2 protein chains.
Amino acid sequence: MIRIGIFGYGNLGRGIEAAVRKNDDMELKAVFTRRNPEDLKIRTENVPVIHVSDVEKFKDEIDVMILCGGSATDLPNQTPELARIFNVVDSFDTHAKIPTHFENVDTAAKEGNKTALISAGWDPGMFSLNRLYAECVLPDGKDYTFWGKGVSQGHSDAIRRIDGVMDARQYTIPKEEALSLVRSGVNPDFTTRDKHLRECFVVAKDGADKEKIENEIKTMPNYFADYDTIVHFIDEEEMKREHSGIAHGGFVIRSGKTGFDNENSHIIEYSLKLDSNPEFTASVIAAYARAVYKLSYENSFGCKTVFDIAPSYLSAKSAEELREKLL
Amino acid sequence: MIRIGIFGYGNLGRGIEAAVRKNDDMELKAVFTRRNPEDLKIRTENVPVIHVSDVEKFKDEIDVMILCGGSATDLPNQTPELARIFNVVDSFDTHAKIPTHFENVDTAAKEGNKTALISAGWDPGMFSLNRLYAECVLPDGKDYTFWGKGVSQGHSDAIRRIDGVMDARQYTIPKEEALSLVRSGVNPDFTTRDKHLRECFVVAKDGADKEKIENEIKTMPNYFADYDTIVHFIDEEEMKREHSGIAHGGFVIRSGKTGFDNENSHIIEYSLKLDSNPEFTASVIAAYARAVYKLSYENSFGCKTVFDIAPSYLSAKSAEELREKLL
């Protein structure tokens with residue numbers, strides 16, 4: 001059994017807890033929290049909740065520690081710290097800062113003779129993998145990534161900061177015309193506006209100037225100004241009833257040419273339609289925790305990403321069984 | 001530069017020749033043929049065409065030999081034979097015989113201190129990879145593979161063997177209703193008939209009994225009896241004009257559940273739409289030839305499959321560049 005620790009018990013941590021139950025070769029050993037452990041109720045019976053300050057005491061009882069904090073402030077510190085003591089997996093998703101995070105975690109994991117894997121999830125993660133495979137298979141081609149339909153936390157937060165806004169939810173929606181054009185093989189060039197639509201649901205405070213709010217949203221630089229943006233004002237009750245979902249998804253498409261005279265076109269398309277963004281991310285992480293566990297037994301220390309892991313490491317099945325049943 | 005040899009110059013061999021030109025770190029070193037080399041004209045200038053009996057003379061001039069013969073009778077002998085002398089890649093695609101082929105190639109490659117990779121292509125190959133990744137990420141789920149729209153060589157040949165048939169082309173077509181049902185997340189059980197349609201274009205000989213031919217096709221066991229089959233009789237000229245394409249493709253979809261109470265559904269979908277089946281297969285092989293080349297320098301000998309290769313080995317880019325640009 002692979003003994004799993006969960007470090008941080010938010011949406012992702014709860015997703016990991018559920019994912020562990022779907023993998024017969026894994027067991028949840030402990031959940032670590034910054035809160036008062038007595039105040040935290042988890043769903044798995046007979047698993048202790050431990051304060052983060054006591055984490056080192058578990059160094060011989062946990063095979064892989066899964067970090068469930070946020071990429072902005074938690075993971076940049078926590079993953080290197082814990083990688084000295086545990087094999088770790090995180091879902092660090094700030095694309096631009098991955099190289100720095102990788103270096104920090106790599107140094108720490110090598111010092112501790114531990115195996116670490118960062119940025120597991122769907123983007124980065126499964127989407128990155130598909131971008132890599134597709135680029136290698138069709139070197140003469142073009143990549144397209146579309147996100148949605150799903151809620152963007154960053155864009156929702158940006159709306160909430162506007163004066164007069166009580167609550168907001170922003171959906172990123174890929175434009176069907178753009179998807180169709182990519183699938184046709186013509187390798188189009190898109191503006192930002194061409195690819196995605198932004199649909200916003202906003203609860204305004206009593207007496208707020210809705211016209212002003214709508215204008216502030218639509219003209220907000222970086223977030224909305226370059227997009228077709230639709231704004232709906234709704235009441236609190238509707239927000240709660242219709243917009244508390246955590247569904248997400250998207251598409252990675254590569255369109256490429258082959259042949260002596262580029263006479264043939266090919267489309268490779270990978271897509272995800274997810275009822276629960278955190279639970280799917282957790283499921284990806286669980287599979288990579290198995291790989292980290294196996295690699296640690298091969299003394300393959302330091303930091304890895306999904307690019308460095310042979311697919312067979314993700315599976316509980318033997319190499320023979322995989323060749324026989326899945327190849 | 002990775003020096004590539006092509007062993008067998010049919011559709012796939014010509015595809016490899018074109019694929020090598022798309023990869024800046026590869027060069028075509030020689031083409032090997034069972035025919036009289038002087039009768040064979042290839043498209044790349046200044047590359048020699050050599051009779052297969054002289055292949056051993058090239059053992060120090062070729063980094064990876066790509067086998068382009070058929071899975072029925074060529075590859076079961078050729079791949080093990082050549083794996084003693086060269087690093088090799090083949091596209092062996094008889095699913096049921098992969099374990100035996102693997103063992104034979106593994107033994108030979110280990111004896112010769114060479115690296116071999118079998119069954120590269122799209123199915124087996126990219127489809128297998130996606131089945132594996134999706135199964136690991138969503139262990140509680142169900143897999144669906146659909147092929148087409150594309151020509152099935154085996155089914156076309158079966159029709160051609162019927163008395164009175166001059167020529168035939170059979171298209172395997174996934175049924176839209178079945179695809180939609182899978183994408184809805186209900187995890188349906190399908191009969192063979194539910195998933196694919198078989199559409200046949202047949203040129204009958206003069207005076208042949210078309211009704212009898214159509215009946216023989218539709219009732220042919222294994223090939224057609226379990227399917228909805230449509231038969232069109234056309235003339236030779238239309239066959240040549242409309243049905244000489246080599247397009248193919250298909251879908252690998254996994255639908256799975258997560259959550260403590262299986263409350264969330266997720267759909268992972270991978271699809272290919274290929275203008276040229278052999279050229280796409282060749283493009284996959286070229287990427288895996290790069291991996292085989294790198295692994296041979298790490299003294300990682302024996303037989304591998306796509307499951308054993310970390311994705312970064314397929315790329316000409318450095319690990320740093322991949323993390324920065326693709327993750």
# chains A, B, ... in the order shown; residues from 1 in each chain; ligands from 1

call {"tool": "interface_residues", "arguments": {"of": "chain A", "to": "chain B", "cutoff": "6 Å", "atoms": "only C-alpha atoms", "output": "MDAnalysis selection string"}}
result
chainID A and resid 18 124 128 136:137 259:260 264:275 283:284 287 307:312 315 326:327

call {"tool": "residues_around", "arguments": {"residues": "segment 151-158 of chain B", "least_positions_apart": "2", "cutoff": "10 Å", "atoms": "only C-alpha atoms", "output": "ChimeraX atom specification"}}
result
/B:147-149,160-162,167-173,198-202,217,220,222-224,243-249,277

call {"tool": "write_last_selection", "arguments": {"atoms": "C-alpha atoms", "output": "PDB file, in the first residue's frame"}}
result
ATOM      1  CA  TRP B 147     -12.313   3.986 -35.407  1.00  0.00           C
ATOM      2  CA  GLY B 148     -12.895   6.042 -38.509  1.00  0.00           C
ATOM      3  CA  LYS B 149     -14.039   7.389 -40.646  1.00  0.00           C
ATOM      4  CA  ARG B 160     -12.494  -8.580 -52.841  1.00  0.00           C
ATOM      5  CA  ARG B 161     -12.315 -12.314 -52.173  1.00  0.00           C
ATOM      6  CA  ILE B 162     -16.044 -12.708 -52.952  1.00  0.00           C
ATOM      7  CA  ASP B 167     -12.527  -4.200 -56.488  1.00  0.00           C
ATOM      8  CA  ALA B 168     -13.833  -2.961 -53.141  1.00  0.00           C
ATOM      9  CA  ARG B 169     -13.293  -0.335 -50.479  1.00  0.00           C
ATOM     10  CA  GLN B 170     -14.794  -0.520 -46.997  1.00  0.00           C
ATOM     11  CA  TYR B 171     -15.170   2.464 -44.672  1.00  0.00           C
ATOM     12  CA  THR B 172     -15.494   2.006 -40.925  1.00  0.00           C
ATOM     13  CA  ILE B 173     -17.656   4.833 -39.585  1.00  0.00           C
ATOM     14  CA  ARG B 198     -19.653  -0.369 -42.335  1.00  0.00           C
ATOM     15  CA  GLU B 199     -20.036   1.300 -45.735  1.00  0.00           C
ATOM     16  CA  CYS B 200     -18.809  -0.651 -48.772  1.00  0.00           C
ATOM     17  CA  PHE B 201     -18.092   0.507 -52.304  1.00  0.00           C
ATOM     18  CA  VAL B 202     -17.901  -2.413 -54.720  1.00  0.00           C
ATOM     19  CA  ILE B 217     -21.053  -9.216 -47.745  1.00  0.00           C
ATOM     20  CA  MET B 220     -20.092 -12.543 -43.706  1.00  0.00           C
ATOM     21  CA  ASN B 222     -16.883 -11.574 -38.000  1.00  0.00           C
ATOM     22  CA  TYR B 223     -16.409  -9.014 -40.764  1.00  0.00           C
ATOM     23  CA  PHE B 224     -19.950  -7.772 -41.441  1.00  0.00           C
ATOM     24  CA  HIS B 243     -12.044   6.115 -53.082  1.00  0.00           C
ATOM     25  CA  SER B 244      -8.287   6.073 -53.364  1.00  0.00           C
ATOM     26  CA  GLY B 245      -7.769   8.181 -50.224  1.00  0.00           C
ATOM     27  CA  ILE B 246      -5.857   6.944 -47.199  1.00  0.00           C
ATOM     28  CA  ALA B 247      -7.553   9.100 -44.581  1.00  0.00           C
ATOM     29  CA  HIS B 248      -8.341   7.603 -41.203  1.00  0.00           C
ATOM     30  CA  GLY B 249      -8.821   8.507 -37.573  1.00  0.00           C
ATOM     31  CA  ASN B 277      -2.858   7.066 -42.212  1.00  0.00           C
TER      32      ASN B 277
END

call {"tool": "select_by_dssp", "arguments": {"residues": "segment 209-315 of chain A", "states": "strand (DSSP E)", "output": "VMD selection string"}}
result
chain A and resid 228 to 233 248 to 258 264 to 274 302 to 304

call {"tool": "atom_distance", "arguments": {"atom1": "atom CA of Gly5 of chain A", "atom2": "atom CA of Glu27 of chain A"}}
result
8.9 Å

call {"tool": "residues_around", "arguments": {"residues": "segment 108-115 of chain A", "least_positions_apart": "5", "cutoff": "12 Å", "atoms": "only C-alpha atoms", "output": "NGL selection string"}}
result
:A and (59 or 63-65 or 77-90 or 101-103 or 288-305 or 309)

call {"tool": "residues_around", "arguments": {"residues": "Thr191 of chain B", "least_positions_apart": "4", "cutoff": "10 Å", "atoms": "only C-alpha atoms", "output": "PyMOL selection string"}}
result
chain B and resi 195-196+226-227

call {"tool": "select_by_dssp", "arguments": {"residues": "segment 57-258 of chain B", "states": "alpha helix (DSSP H)", "output": "ChimeraX atom specification"}}
result
/B:75-83,98-112,126-137,153-160,176-183,192-195,210-218,236-242
